[in-house]
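S.K.: Next up, data_10.cif (mmCIF, C-alpha atoms and all ligand atoms).
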```cif
data_coords
#
loop_
_atom_site.group_PDB
_atom_site.id
_atom_site.type_symbol
_atom_site.label_atom_id
_atom_site.label_comp_id
_atom_site.auth_asym_id
_atom_site.auth_seq_id
_atom_site.Cartn_x
_atom_site.Cartn_y
_atom_site.Cartn_z
ATOM 1 C CA MET A 216 46.606 231.021 234.510
ATOM 2 C CA LEU A 217 49.852 232.550 235.727
ATOM 3 C CA LYS A 218 50.474 236.131 236.715
ATOM 4 C CA LEU A 219 53.805 237.537 237.853
ATOM 5 C CA ASN A 220 53.961 241.001 239.369
ATOM 6 C CA ASN A 221 57.398 242.558 239.761
ATOM 7 C CA ILE A 222 59.196 239.449 240.983
ATOM 8 C CA SER A 223 62.930 239.811 241.475
ATOM 9 C CA LYS A 224 65.816 237.721 242.788
ATOM 10 C CA ARG A 225 69.309 238.652 243.929
ATOM 11 C CA TYR A 226 72.105 236.154 244.565
ATOM 12 C CA GLY A 227 74.618 237.911 246.815
ATOM 13 C CA LYS A 228 75.960 240.806 244.765
ATOM 14 C CA GLU A 229 74.476 239.534 241.516
ATOM 15 C CA GLN A 230 70.952 240.441 240.457
ATOM 16 C CA GLY A 231 69.724 237.146 238.928
ATOM 17 C CA LEU A 232 66.410 238.676 237.898
ATOM 18 C CA TYR A 233 65.361 242.335 237.929
ATOM 19 C CA PRO A 234 61.694 243.076 238.744
ATOM 20 C CA PHE A 235 59.770 241.050 236.186
ATOM 21 C CA SER A 236 56.082 241.109 235.299
ATOM 22 C CA GLY A 237 54.273 238.867 232.873
ATOM 23 C CA SER A 238 51.527 236.319 232.439
ATOM 24 C CA VAL A 239 50.595 233.063 230.767
ATOM 25 C CA GLU A 240 46.992 232.813 229.575
ATOM 26 C CA GLN A 241 45.018 229.557 229.702
ATOM 27 C CA GLY A 242 46.037 227.289 226.813
ATOM 28 C CA GLN A 243 48.879 229.563 225.739
ATOM 29 C CA THR A 244 52.610 228.983 225.602
ATOM 30 C CA THR A 245 54.995 231.700 226.725
ATOM 31 C CA VAL A 246 58.641 231.103 225.936
ATOM 32 C CA VAL A 247 61.501 232.749 227.798
ATOM 33 C CA ILE A 248 64.661 232.988 225.744
ATOM 34 C CA GLY A 249 68.077 234.539 226.166
ATOM 35 C CA PRO A 250 71.754 233.672 226.507
ATOM 36 C CA SER A 251 73.227 231.498 229.239
ATOM 37 C CA GLY A 252 73.045 233.128 232.671
ATOM 38 C CA CYS A 253 70.359 235.693 231.759
ATOM 39 C CA GLY A 254 67.950 234.471 234.470
ATOM 40 C CA LYS A 255 65.673 231.998 232.668
ATOM 41 C CA SER A 256 65.931 229.156 235.189
ATOM 42 C CA THR A 257 65.740 231.658 238.034
ATOM 43 C CA LEU A 258 62.387 232.849 236.713
ATOM 44 C CA LEU A 259 61.045 229.285 236.474
ATOM 45 C CA ARG A 260 62.327 228.276 239.907
ATOM 46 C CA LEU A 261 60.579 231.291 241.420
ATOM 47 C CA VAL A 262 57.278 230.097 239.929
ATOM 48 C CA THR A 263 57.783 226.574 241.335
ATOM 49 C CA GLY A 264 58.291 228.032 244.807
ATOM 50 C CA LEU A 265 61.709 226.334 245.026
ATOM 51 C CA LEU A 266 63.154 229.817 245.207
ATOM 52 C CA GLN A 267 61.671 232.750 247.129
ATOM 53 C CA PRO A 268 61.463 236.101 245.341
ATOM 54 C CA ASP A 269 62.972 239.169 247.046
ATOM 55 C CA SER A 270 60.043 241.222 245.839
ATOM 56 C CA GLY A 271 56.754 240.900 244.012
ATOM 57 C CA GLU A 272 54.007 238.314 243.880
ATOM 58 C CA ILE A 273 53.063 235.204 241.927
ATOM 59 C CA LEU A 274 49.441 234.282 241.237
ATOM 60 C CA ILE A 275 48.476 230.852 239.942
ATOM 61 C CA ASP A 276 44.929 230.770 238.651
ATOM 62 C CA GLY A 277 44.235 233.839 240.783
ATOM 63 C CA GLU A 278 45.694 232.360 243.968
ATOM 64 C CA LEU A 279 48.684 234.015 245.620
ATOM 65 C CA LEU A 280 51.735 231.756 245.978
ATOM 66 C CA SER A 281 52.872 231.768 249.624
ATOM 67 C CA THR A 282 54.285 229.290 252.117
ATOM 68 C CA LEU A 283 50.681 228.553 253.057
ATOM 69 C CA THR A 284 49.326 227.933 249.553
ATOM 70 C CA LEU A 285 52.490 226.381 248.098
ATOM 71 C CA PRO A 286 51.789 222.688 248.929
ATOM 72 C CA ALA A 287 48.372 222.730 247.226
ATOM 73 C CA LEU A 288 49.481 224.900 244.295
ATOM 74 C CA ARG A 289 52.540 222.685 243.689
ATOM 75 C CA LEU A 290 50.198 219.841 242.784
ATOM 76 C CA ARG A 291 48.805 221.959 239.968
ATOM 77 C CA LEU A 292 52.250 222.585 238.473
ATOM 78 C CA GLY A 293 54.202 220.218 236.272
ATOM 79 C CA TYR A 294 57.904 220.997 236.247
ATOM 80 C CA VAL A 295 60.399 219.633 233.742
ATOM 81 C CA ILE A 296 63.820 220.437 235.166
ATOM 82 C CA GLN A 297 66.797 221.447 233.035
ATOM 83 C CA GLU A 298 68.700 218.193 232.195
ATOM 84 C CA GLY A 299 65.627 216.123 233.088
ATOM 85 C CA GLY A 300 66.318 215.798 236.815
ATOM 86 C CA LEU A 301 65.221 212.153 237.139
ATOM 87 C CA PHE A 302 66.281 210.388 240.335
ATOM 88 C CA PRO A 303 69.069 208.016 239.206
ATOM 89 C CA HIS A 304 68.419 205.369 241.865
ATOM 90 C CA MET A 305 64.744 205.002 240.901
ATOM 91 C CA THR A 306 63.248 203.254 237.872
ATOM 92 C CA ALA A 307 61.406 205.248 235.232
ATOM 93 C CA LYS A 308 58.099 204.092 236.694
ATOM 94 C CA ALA A 309 59.082 205.068 240.232
ATOM 95 C CA ASN A 310 60.183 208.487 238.962
ATOM 96 C CA ILE A 311 56.896 209.036 237.132
ATOM 97 C CA SER A 312 54.678 207.926 240.023
ATOM 98 C CA ILE A 313 56.513 209.626 242.882
ATOM 99 C CA MET A 314 53.896 212.346 243.492
ATOM 100 C CA ALA A 315 50.935 210.014 242.943
ATOM 101 C CA LYS A 316 52.401 207.643 245.564
ATOM 102 C CA PHE A 317 52.865 210.572 247.908
ATOM 103 C CA LEU A 318 49.157 211.327 247.441
ATOM 104 C CA ASN A 319 48.313 207.658 248.198
ATOM 105 C CA TRP A 320 46.932 206.822 244.781
ATOM 106 C CA GLU A 321 46.048 203.119 244.476
ATOM 107 C CA GLU A 322 48.255 201.028 242.173
ATOM 108 C CA PRO A 323 45.543 200.454 239.491
ATOM 109 C CA ARG A 324 44.945 204.198 239.234
ATOM 110 C CA ILE A 325 48.685 204.833 238.872
ATOM 111 C CA ASP A 326 48.992 202.138 236.194
ATOM 112 C CA ALA A 327 46.015 203.481 234.270
ATOM 113 C CA ARG A 328 47.406 207.014 234.270
ATOM 114 C CA ILE A 329 50.863 205.795 233.226
ATOM 115 C CA GLY A 330 49.214 203.875 230.377
ATOM 116 C CA GLU A 331 47.586 207.069 229.112
ATOM 117 C CA LEU A 332 50.855 208.968 229.352
ATOM 118 C CA LEU A 333 52.829 206.261 227.516
ATOM 119 C CA ASP A 334 50.381 206.672 224.614
ATOM 120 C CA LEU A 335 50.695 210.422 224.790
ATOM 121 C CA VAL A 336 54.502 210.514 224.641
ATOM 122 C CA GLN A 337 54.662 207.458 222.361
ATOM 123 C CA LEU A 338 56.865 205.290 224.508
ATOM 124 C CA SER A 339 56.701 201.525 225.050
ATOM 125 C CA ASP A 340 56.060 200.162 228.558
ATOM 126 C CA ASP A 341 59.295 198.151 228.236
ATOM 127 C CA TYR A 342 61.158 201.230 229.452
ATOM 128 C CA LEU A 343 59.282 201.627 232.734
ATOM 129 C CA SER A 344 61.455 199.193 234.672
ATOM 130 C CA ARG A 345 64.712 200.786 233.519
ATOM 131 C CA TYR A 346 66.860 203.199 235.480
ATOM 132 C CA PRO A 347 67.572 206.627 233.941
ATOM 133 C CA ALA A 348 71.157 205.584 233.058
ATOM 134 C CA GLU A 349 69.693 202.753 230.940
ATOM 135 C CA LEU A 350 67.644 205.143 228.785
ATOM 136 C CA SER A 351 68.636 207.326 225.852
ATOM 137 C CA GLY A 352 68.471 211.105 226.232
ATOM 138 C CA GLY A 353 65.229 211.280 224.246
ATOM 139 C CA GLN A 354 63.641 208.510 226.327
ATOM 140 C CA ARG A 355 64.705 210.254 229.532
ATOM 141 C CA GLN A 356 63.115 213.485 228.304
ATOM 142 C CA ARG A 357 59.865 211.621 227.623
ATOM 143 C CA ILE A 358 59.947 210.084 231.113
ATOM 144 C CA SER A 359 60.552 213.542 232.622
ATOM 145 C CA LEU A 360 57.588 214.830 230.673
ATOM 146 C CA MET A 361 55.405 211.949 231.908
ATOM 147 C CA ARG A 362 56.439 212.736 235.479
ATOM 148 C CA ALA A 363 55.484 216.379 234.974
ATOM 149 C CA LEU A 364 52.096 215.424 233.472
ATOM 150 C CA MET A 365 51.233 212.628 235.931
ATOM 151 C CA LEU A 366 48.857 214.691 238.084
ATOM 152 C CA ASP A 367 47.397 216.437 235.016
ATOM 153 C CA PRO A 368 48.667 219.876 236.064
ATOM 154 C CA ASP A 369 47.059 223.084 234.848
ATOM 155 C CA LEU A 370 50.370 224.782 234.309
ATOM 156 C CA LEU A 371 53.519 223.259 232.831
ATOM 157 C CA LEU A 372 56.921 224.770 233.547
ATOM 158 C CA MET A 373 59.615 223.460 231.263
ATOM 159 C CA ASP A 374 63.280 224.345 231.545
ATOM 160 C CA GLU A 375 65.086 223.444 228.313
ATOM 161 C CA PRO A 376 62.970 220.280 228.010
ATOM 162 C CA LEU A 377 64.659 219.287 224.765
ATOM 163 C CA GLY A 378 68.179 220.484 225.509
ATOM 164 C CA ALA A 379 71.102 218.266 224.532
ATOM 165 C CA LEU A 380 69.125 216.052 222.154
ATOM 166 C CA ASP A 381 70.265 215.162 218.670
ATOM 167 C CA PRO A 382 68.466 217.168 215.966
ATOM 168 C CA MET A 383 66.200 214.370 214.724
ATOM 169 C CA ILE A 384 64.946 213.330 218.147
ATOM 170 C CA ARG A 385 64.536 216.976 219.044
ATOM 171 C CA PHE A 386 62.505 217.553 215.902
ATOM 172 C CA ASP A 387 60.223 214.583 216.696
ATOM 173 C CA LEU A 388 59.756 215.607 220.320
ATOM 174 C CA GLN A 389 59.029 219.214 219.361
ATOM 175 C CA ASN A 390 56.212 218.041 217.131
ATOM 176 C CA ASP A 391 54.891 215.609 219.753
ATOM 177 C CA LEU A 392 55.005 218.204 222.499
ATOM 178 C CA LYS A 393 53.187 220.819 220.477
ATOM 179 C CA LYS A 394 50.385 218.328 219.779
ATOM 180 C CA ILE A 395 50.236 217.412 223.485
ATOM 181 C CA PHE A 396 49.932 221.056 224.554
ATOM 182 C CA ALA A 397 47.155 221.681 222.042
ATOM 183 C CA ARG A 398 45.282 218.458 222.805
ATOM 184 C CA LEU A 399 45.348 218.993 226.566
ATOM 185 C CA ASN A 400 44.896 222.779 226.319
ATOM 186 C CA LYS A 401 47.839 223.287 228.689
ATOM 187 C CA SER A 402 49.224 226.615 229.815
ATOM 188 C CA VAL A 403 52.967 226.456 229.406
ATOM 189 C CA LEU A 404 55.929 228.536 230.505
ATOM 190 C CA MET A 405 58.950 227.208 228.643
ATOM 191 C CA VAL A 406 62.599 228.144 228.720
ATOM 192 C CA THR A 407 64.979 227.658 225.841
ATOM 193 C CA HIS A 408 67.968 229.424 224.394
ATOM 194 C CA ASP A 409 67.059 228.117 220.963
ATOM 195 C CA ILE A 410 65.266 230.764 218.906
ATOM 196 C CA GLY A 411 63.906 228.155 216.477
ATOM 197 C CA GLU A 412 62.242 226.267 219.301
ATOM 198 C CA ALA A 413 60.903 229.507 220.762
ATOM 199 C CA ALA A 414 59.381 230.448 217.399
ATOM 200 C CA PHE A 415 57.870 226.984 217.009
ATOM 201 C CA PHE A 416 56.156 226.898 220.429
ATOM 202 C CA GLY A 417 55.691 230.451 221.620
ATOM 203 C CA ASP A 418 52.491 232.467 221.460
ATOM 204 C CA GLU A 419 54.565 235.069 223.266
ATOM 205 C CA LEU A 420 58.351 235.272 223.438
ATOM 206 C CA ILE A 421 60.217 237.075 226.200
ATOM 207 C CA LEU A 422 63.865 237.813 225.559
ATOM 208 C CA LEU A 423 66.024 238.314 228.646
ATOM 209 C CA LYS A 424 69.540 239.669 228.930
ATOM 210 C CA GLN A 425 71.406 239.871 232.231
ATOM 211 C CA GLY A 426 68.229 239.541 234.265
ATOM 212 C CA LYS A 427 66.236 242.153 232.361
ATOM 213 C CA VAL A 428 63.567 241.939 229.649
ATOM 214 C CA VAL A 429 64.907 243.269 226.370
ATOM 215 C CA GLN A 430 61.772 242.620 224.343
ATOM 216 C CA ARG A 431 58.539 240.654 224.418
ATOM 217 C CA GLY A 432 56.203 239.799 221.555
ATOM 218 C CA THR A 433 55.822 237.338 218.717
ATOM 219 C CA ILE A 434 58.764 236.028 216.718
ATOM 220 C CA SER A 435 57.653 238.403 213.971
ATOM 221 C CA ASP A 436 57.892 241.374 216.394
ATOM 222 C CA LEU A 437 61.408 240.354 217.398
ATOM 223 C CA THR A 438 62.448 239.830 213.795
ATOM 224 C CA HIS A 439 60.804 242.834 212.163
ATOM 225 C CA LYS A 440 60.573 245.307 215.047
ATOM 226 C CA PRO A 441 63.637 244.571 217.204
ATOM 227 C CA ALA A 442 63.855 246.695 220.357
ATOM 228 C CA ASP A 443 67.612 247.066 219.945
ATOM 229 C CA GLU A 444 70.760 245.714 218.337
ATOM 230 C CA PHE A 445 71.013 242.814 220.803
ATOM 231 C CA VAL A 446 67.659 241.381 219.659
ATOM 232 C CA THR A 447 68.815 241.312 216.051
ATOM 233 C CA CYS A 448 72.186 239.801 217.009
ATOM 234 C CA PHE A 449 70.521 237.113 219.138
ATOM 235 C CA ILE A 450 68.148 236.158 216.313
ATOM 236 C CA ASN A 451 70.669 236.380 213.493
ATOM 237 C CA ALA A 452 73.119 234.165 215.356
ATOM 238 C CA GLN A 453 70.563 231.332 215.074
ATOM 239 C CA ARG A 454 68.642 232.369 211.994
ATOM 240 C CA HIS A 455 69.120 229.001 210.248
ATOM 241 C CA LYS A 456 67.225 227.272 213.071
ATOM 242 C CA PHE A 457 64.377 229.724 212.917
ATOM 243 C CA GLU A 458 63.988 229.291 209.157
ATOM 244 C CA ASP A 459 64.089 225.484 209.538
ATOM 245 C CA ASN A 460 61.329 225.648 212.096
ATOM 246 C CA GLU A 461 59.166 227.937 210.016
ATOM 247 C CA ALA A 462 59.147 225.127 207.505
ATOM 248 C CA VAL A 463 58.171 222.698 210.302
ATOM 249 C CA ALA A 464 55.310 224.901 211.424
ATOM 250 C CA GLU A 465 53.738 224.943 207.954
HETATM 251 N N1 LIG B 1 72.005 229.625 243.574
HETATM 252 C C1 LIG B 1 72.695 230.598 242.974
HETATM 253 N N2 LIG B 1 73.635 231.293 243.647
HETATM 254 C C2 LIG B 1 74.335 232.287 243.059
HETATM 255 N N3 LIG B 1 74.167 232.685 241.800
HETATM 256 C C3 LIG B 1 73.248 232.028 241.070
HETATM 257 C C4 LIG B 1 72.468 230.943 241.615
HETATM 258 N N4 LIG B 1 71.644 230.487 240.657
HETATM 259 C C5 LIG B 1 71.887 231.226 239.562
HETATM 260 N N5 LIG B 1 72.846 232.162 239.796
HETATM 261 C C6 LIG B 1 73.350 233.168 238.846
HETATM 262 O O1 LIG B 1 72.256 233.942 238.376
HETATM 263 C C7 LIG B 1 72.342 234.160 236.975
HETATM 264 C C8 LIG B 1 71.120 233.601 236.289
HETATM 265 O O2 LIG B 1 71.144 232.176 236.394
HETATM 266 P P1 LIG B 1 70.074 231.233 235.705
HETATM 267 O O3 LIG B 1 70.334 229.847 236.165
HETATM 268 O O4 LIG B 1 68.727 231.790 235.945
HETATM 269 O O5 LIG B 1 70.485 231.400 234.164
HETATM 270 P P2 LIG B 1 69.878 230.730 232.847
HETATM 271 O O6 LIG B 1 69.357 231.833 232.014
HETATM 272 O O7 LIG B 1 68.947 229.640 233.224
HETATM 273 O O8 LIG B 1 71.194 230.125 232.136
HETATM 274 P P3 LIG B 1 71.381 228.753 231.300
HETATM 275 O O9 LIG B 1 70.878 229.034 229.911
HETATM 276 O O10 LIG B 1 72.882 228.572 231.304
HETATM 277 O O11 LIG B 1 70.659 227.652 231.984
HETATM 278 C C9 LIG B 1 73.650 233.500 236.531
HETATM 279 O O12 LIG B 1 74.649 234.465 236.411
HETATM 280 C C10 LIG B 1 73.968 232.510 237.632
HETATM 281 O O13 LIG B 1 75.349 232.310 237.787
HETATM 282 MG MG MG B 2 69.009 227.573 233.042
#
```
Could I get this file's structure written as structure tokens?

M.R.:
Amino acid sequence: MLKLNNISKRYGKEQGLYPFSGSVEQGQTTVVIGPSGCGKSTLLRLVTGLLQPDSGEILIDGELLSTLTLPALRLRLGYVIQEGGLFPHMTAKANISIMAKFLNWEEPRIDARIGELLDLVQLSDDYLSRYPAELSGGQRQRISLMRALMLDPDLLLMDEPLGALDPMIRFDLQNDLKKIFARLNKSVLMVTHDIGEAAFFGDELILLKQGKVVQRGTISDLTHKPADEFVTCFINAQRHKFEDNEAVAE
């Protein structure tokens, strides 16, 4: 579904991302993890086309991402921005339907799709008329997710979709999201710096450090066959979360 060949990005003197290759298969979830500033959001923004790579190429369902193909390919991507990224001056409903409106969907079609999504994320329609500031963090995250799913995209890009939530809401949303991905057979590229979340969602984990891949594989690979000391340190620092989530997965 997604193929990345040697994409890299430099910001002035700083190399945000060294040449990176990887893929996300149909129906699979790939999780990018690593400490703050290691290049996770950079990688995601390159895939959305919001940022241009200095080198390499991005293929979405076999089609090369370029200025020419970007507008059409964008419609096949759902992007959940770090911190939600809802427009504060627009209601939840206006935020969710922004792309559908842009594509001139009729109101009944928009309402029907929003109805489906409310069921999916388990939210009441009472919240649709509220502004983001009038919603809780968990409700905002659900609205962001609805916005990303509105056009039924093939590929979901999620940047810390559950960041800054209290543990119970996070736990609920993790379970809901995993069911949604499975039910809709979505291909997902997710970013988190939470190893427990990565273990819970990821078919493949990619650990970055200072713009470079340190290791990729399953959580078991990272735990039992660490590529170096850093991998073990990164996992051990959050081991309690990982063990909690193993219990969740069972
Ligand atoms: N627009 C920019 N201009 C200059 N430097 C940038 C820019 N965007 C990111 N960087 C730098 O590139 C590096 C990678 O940033 P990125 O946002 O990808 O990190 P991240 O892994 O998403 O971190 P976090 O977990 O804190 O969100 C950081 O050192 C950051 O300061
Ligand atoms: Mg980030």

S.K.: Could you pull out the residues sitting within 7 Å of ligand LIG 1 (chain B), using only C-alpha atoms and all ligand atoms, and write them as a list in words?

M.R.: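 So the residues close to ligand LIG 1 (chain B) are Tyr226, Gly227, Glu229, Gln230, Gly231, Gly249, Pro250, Ser251, Gly252, Cys253, Gly254, Lys255, Ser256, Thr257, Leu258, His408 and Gly426 of chain A.
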
S.K.: Write to file, as an mmCIF file, keeping the file's coordinate frame, the residues of the selection just made, with C-alpha atoms.

M.R.:
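Output contents, as saved in again-v3.cif:
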```cif
data_model
loop_
_atom_site.group_PDB
_atom_site.id
_atom_site.type_symbol
_atom_site.label_atom_id
_atom_site.label_comp_id
_atom_site.auth_asym_id
_atom_site.auth_seq_id
_atom_site.Cartn_x
_atom_site.Cartn_y
_atom_site.Cartn_z
ATOM 1 C CA TYR A 226 72.105 236.154 244.565
ATOM 2 C CA GLY A 227 74.618 237.911 246.815
ATOM 3 C CA GLU A 229 74.476 239.534 241.516
ATOM 4 C CA GLN A 230 70.952 240.441 240.457
ATOM 5 C CA GLY A 231 69.724 237.146 238.928
ATOM 6 C CA GLY A 249 68.077 234.539 226.166
ATOM 7 C CA PRO A 250 71.754 233.672 226.507
ATOM 8 C CA SER A 251 73.227 231.498 229.239
ATOM 9 C CA GLY A 252 73.045 233.128 232.671
ATOM 10 C CA CYS A 253 70.359 235.693 231.759
ATOM 11 C CA GLY A 254 67.950 234.471 234.470
ATOM 12 C CA LYS A 255 65.673 231.998 232.668
ATOM 13 C CA SER A 256 65.931 229.156 235.189
ATOM 14 C CA THR A 257 65.740 231.658 238.034
ATOM 15 C CA LEU A 258 62.387 232.849 236.713
ATOM 16 C CA HIS A 408 67.968 229.424 224.394
ATOM 17 C CA GLY A 426 68.229 239.541 234.265
#
```

S.K.: Record the distance separating CA of Arg324 (chain A) and CA of Leu288 (chain A), expressed in Å with one decimal.

M.R.: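 Straight-line distance from CA of Arg324 (chain A) to CA of Leu288 (chain A) works out to 21.8 Å.
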
S.K.: Can you list, as an mmCIF file with C-alpha atoms, in the coordinates of the input, every protein, DNA or RNA residue that comes within 9 Å of Ser435 (chain A) when you count all atoms listed in the file, leaving out same-chain residues fewer than 4 positions away?

M.R.:
```cif
data_model
loop_
_atom_site.group_PDB
_atom_site.id
_atom_site.type_symbol
_atom_site.label_atom_id
_atom_site.label_comp_id
_atom_site.auth_asym_id
_atom_site.auth_seq_id
_atom_site.Cartn_x
_atom_site.Cartn_y
_atom_site.Cartn_z
ATOM 1 C CA ALA A 414 59.381 230.448 217.399
ATOM 2 C CA HIS A 439 60.804 242.834 212.163
ATOM 3 C CA LYS A 440 60.573 245.307 215.047
#
```

S.K.: Evaluate the PyMOL selection byres (((chain A and resi 315) around 10) and not hetatm) on the structure here and hand back the selected residues as a PDB file with C-alpha atoms, in the frame of the given file.

M.R.:
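Contents of result.pdb, freshly written:
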```pdb
ATOM      1  CA  LEU A 290      50.198 219.841 242.784  1.00  0.00           C
ATOM      2  CA  ALA A 309      59.082 205.068 240.232  1.00  0.00           C
ATOM      3  CA  ILE A 311      56.896 209.036 237.132  1.00  0.00           C
ATOM      4  CA  SER A 312      54.678 207.926 240.023  1.00  0.00           C
ATOM      5  CA  ILE A 313      56.513 209.626 242.882  1.00  0.00           C
ATOM      6  CA  MET A 314      53.896 212.346 243.492  1.00  0.00           C
ATOM      7  CA  LYS A 316      52.401 207.643 245.564  1.00  0.00           C
ATOM      8  CA  PHE A 317      52.865 210.572 247.908  1.00  0.00           C
ATOM      9  CA  LEU A 318      49.157 211.327 247.441  1.00  0.00           C
ATOM     10  CA  ASN A 319      48.313 207.658 248.198  1.00  0.00           C
ATOM     11  CA  TRP A 320      46.932 206.822 244.781  1.00  0.00           C
ATOM     12  CA  GLU A 321      46.048 203.119 244.476  1.00  0.00           C
ATOM     13  CA  GLU A 322      48.255 201.028 242.173  1.00  0.00           C
ATOM     14  CA  ARG A 324      44.945 204.198 239.234  1.00  0.00           C
ATOM     15  CA  ILE A 325      48.685 204.833 238.872  1.00  0.00           C
ATOM     16  CA  ARG A 328      47.406 207.014 234.270  1.00  0.00           C
ATOM     17  CA  ARG A 362      56.439 212.736 235.479  1.00  0.00           C
ATOM     18  CA  MET A 365      51.233 212.628 235.931  1.00  0.00           C
ATOM     19  CA  LEU A 366      48.857 214.691 238.084  1.00  0.00           C
TER      20      LEU A 366
END
```

S.K.: I'd like to know which of A:His304, A:Lys393, A:Arg260, A:Arg345 is closest to ligand MG 2 (chain B), using all atoms listed in the file.

M.R.: A:Arg260

S.K.: Near Arg289 (chain A), counting all atoms listed in the file, which residues have an atom at most 10 Å away, once you skip same-chain residues fewer than 4 positions from it, shown as a list of chain:residue names?

M.R.: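 Result of the neighbour search: A:Val262, A:Thr263, A:Gly264, A:Leu265, A:Ile275, A:Leu280, A:Thr284, A:Leu285, A:Gly293, A:Tyr294, A:Pro368, A:Leu370.
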
S.K.: Looking at all atoms listed in the file, which of A:Leu380, A:Ile450, A:Glu298, A:Lys218 is the one that sits closest to ligand MG 2 (chain B)?

M.R.: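 The closest residue to ligand MG 2 (chain B) is A:Glu298.
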
S.K.: Residues within 10 Å of Ser339 (chain A), please, as an MDAnalysis selection string. Count all atoms listed in the file; anything in the same chain fewer than 4 positions from it doesn't count.

M.R.: chainID A and resid 330 333:334 343 354

S.K.: Next, write the just-selected residues to a file, as a PDB file, in the frame of the given file, keeping C-alpha atoms as the atom set.

M.R.:
```pdb
ATOM      1  CA  GLY A 330      49.214 203.875 230.377  1.00  0.00           C
ATOM      2  CA  LEU A 333      52.829 206.261 227.516  1.00  0.00           C
ATOM      3  CA  ASP A 334      50.381 206.672 224.614  1.00  0.00           C
ATOM      4  CA  LEU A 343      59.282 201.627 232.734  1.00  0.00           C
ATOM      5  CA  GLN A 354      63.641 208.510 226.327  1.00  0.00           C
TER       6      GLN A 354
END
```

S.K.: Expanded to explicit residues, what is the PyMOL selection byres (((chain A and resi 416) around 12) and not hetatm) for this file, as number ranges by chain?

M.R.: A: 242-248, 373, 388-397, 402-407, 409-415, 417-420, 433-434, 457, 460-461, 463-464

S.K.: Could you state the separation of CA of Met361 (chain A) and CA of Lys401 (chain A) in Å, given to one decimal place?

M.R.: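 Here the two named atoms are 14.0 Å from each other.
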
S.K.: Build an axis-aligned box that encloses every atom of region 338-343 of chain A listed in the file, pad it by 5 Å on each side, and report its centre and edge lengths in Å to one decimal, as lines of an AutoDock Vina configuration file.

M.R.:
```
center_x = 58.6
center_y = 201.7
center_z = 228.6
size_x = 15.1
size_y = 17.1
size_z = 18.2
```

S.K.: What does the distance from CA of Phe449 (chain A) to CA of Lys424 (chain A) come to in Å, to one decimal?

M.R.: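 Computed distance, CA of Phe449 (chain A) to CA of Lys424 (chain A), equals 10.2 Å.
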
S.K.: Expand the PyMOL selection byres (((chain A and resi 238) around 9) and not hetatm) into the explicit residue set it covers here, and present it as a VMD selection string.

M.R.: chain A and resid 216 to 220 236 to 237 239 to 240 245

S.K.: Given the selection you just returned, output its residues as a file containing C-alpha atoms, formatted as a PDB file, keeping the file's coordinate frame.

M.R.:
```pdb
ATOM      1  CA  MET A 216      46.606 231.021 234.510  1.00  0.00           C
ATOM      2  CA  LEU A 217      49.852 232.550 235.727  1.00  0.00           C
ATOM      3  CA  LYS A 218      50.474 236.131 236.715  1.00  0.00           C
ATOM      4  CA  LEU A 219      53.805 237.537 237.853  1.00  0.00           C
ATOM      5  CA  ASN A 220      53.961 241.001 239.369  1.00  0.00           C
ATOM      6  CA  SER A 236      56.082 241.109 235.299  1.00  0.00           C
ATOM      7  CA  GLY A 237      54.273 238.867 232.873  1.00  0.00           C
ATOM      8  CA  VAL A 239      50.595 233.063 230.767  1.00  0.00           C
ATOM      9  CA  GLU A 240      46.992 232.813 229.575  1.00  0.00           C
ATOM     10  CA  THR A 245      54.995 231.700 226.725  1.00  0.00           C
TER      11      THR A 245
END
```

S.K.: Point out the residue among A:Gln297, A:Ser351, A:Thr306, A:Gln425 with the least atom-to-atom distance to ligand MG 2 (chain B), counting all atoms listed in the file.

M.R.: A:Gln297

S.K.: Of the candidates A:Ala307, A:Ile384, A:Leu274, A:Leu423, which shows the shortest atom-to-atom distance to ligand MG 2 (chain B), using all atoms listed in the file?

M.R.: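 Once distances to ligand MG 2 (chain B) are computed over all atoms listed in the file, the minimum belongs to A:Leu423.
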
S.K.: Restricting the calculation to only C-alpha atoms and all ligand atoms, which member of A:Leu332, A:Leu259, A:Ala348, A:Ala442 is positioned closest to ligand MG 2 (chain B)?

M.R.: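 Among the listed residues, the smallest separation from ligand MG 2 (chain B) belongs to A:Leu259.
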
S.K.: Find the residue from A:Asp367, A:Gly378, A:Gln356, A:Val336 that sits nearest to ligand MG 2 (chain B); use all atoms listed in the file when measuring.

M.R.: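 Looking at the shortest contact to ligand MG 2 (chain B), the residue is A:Gly378.
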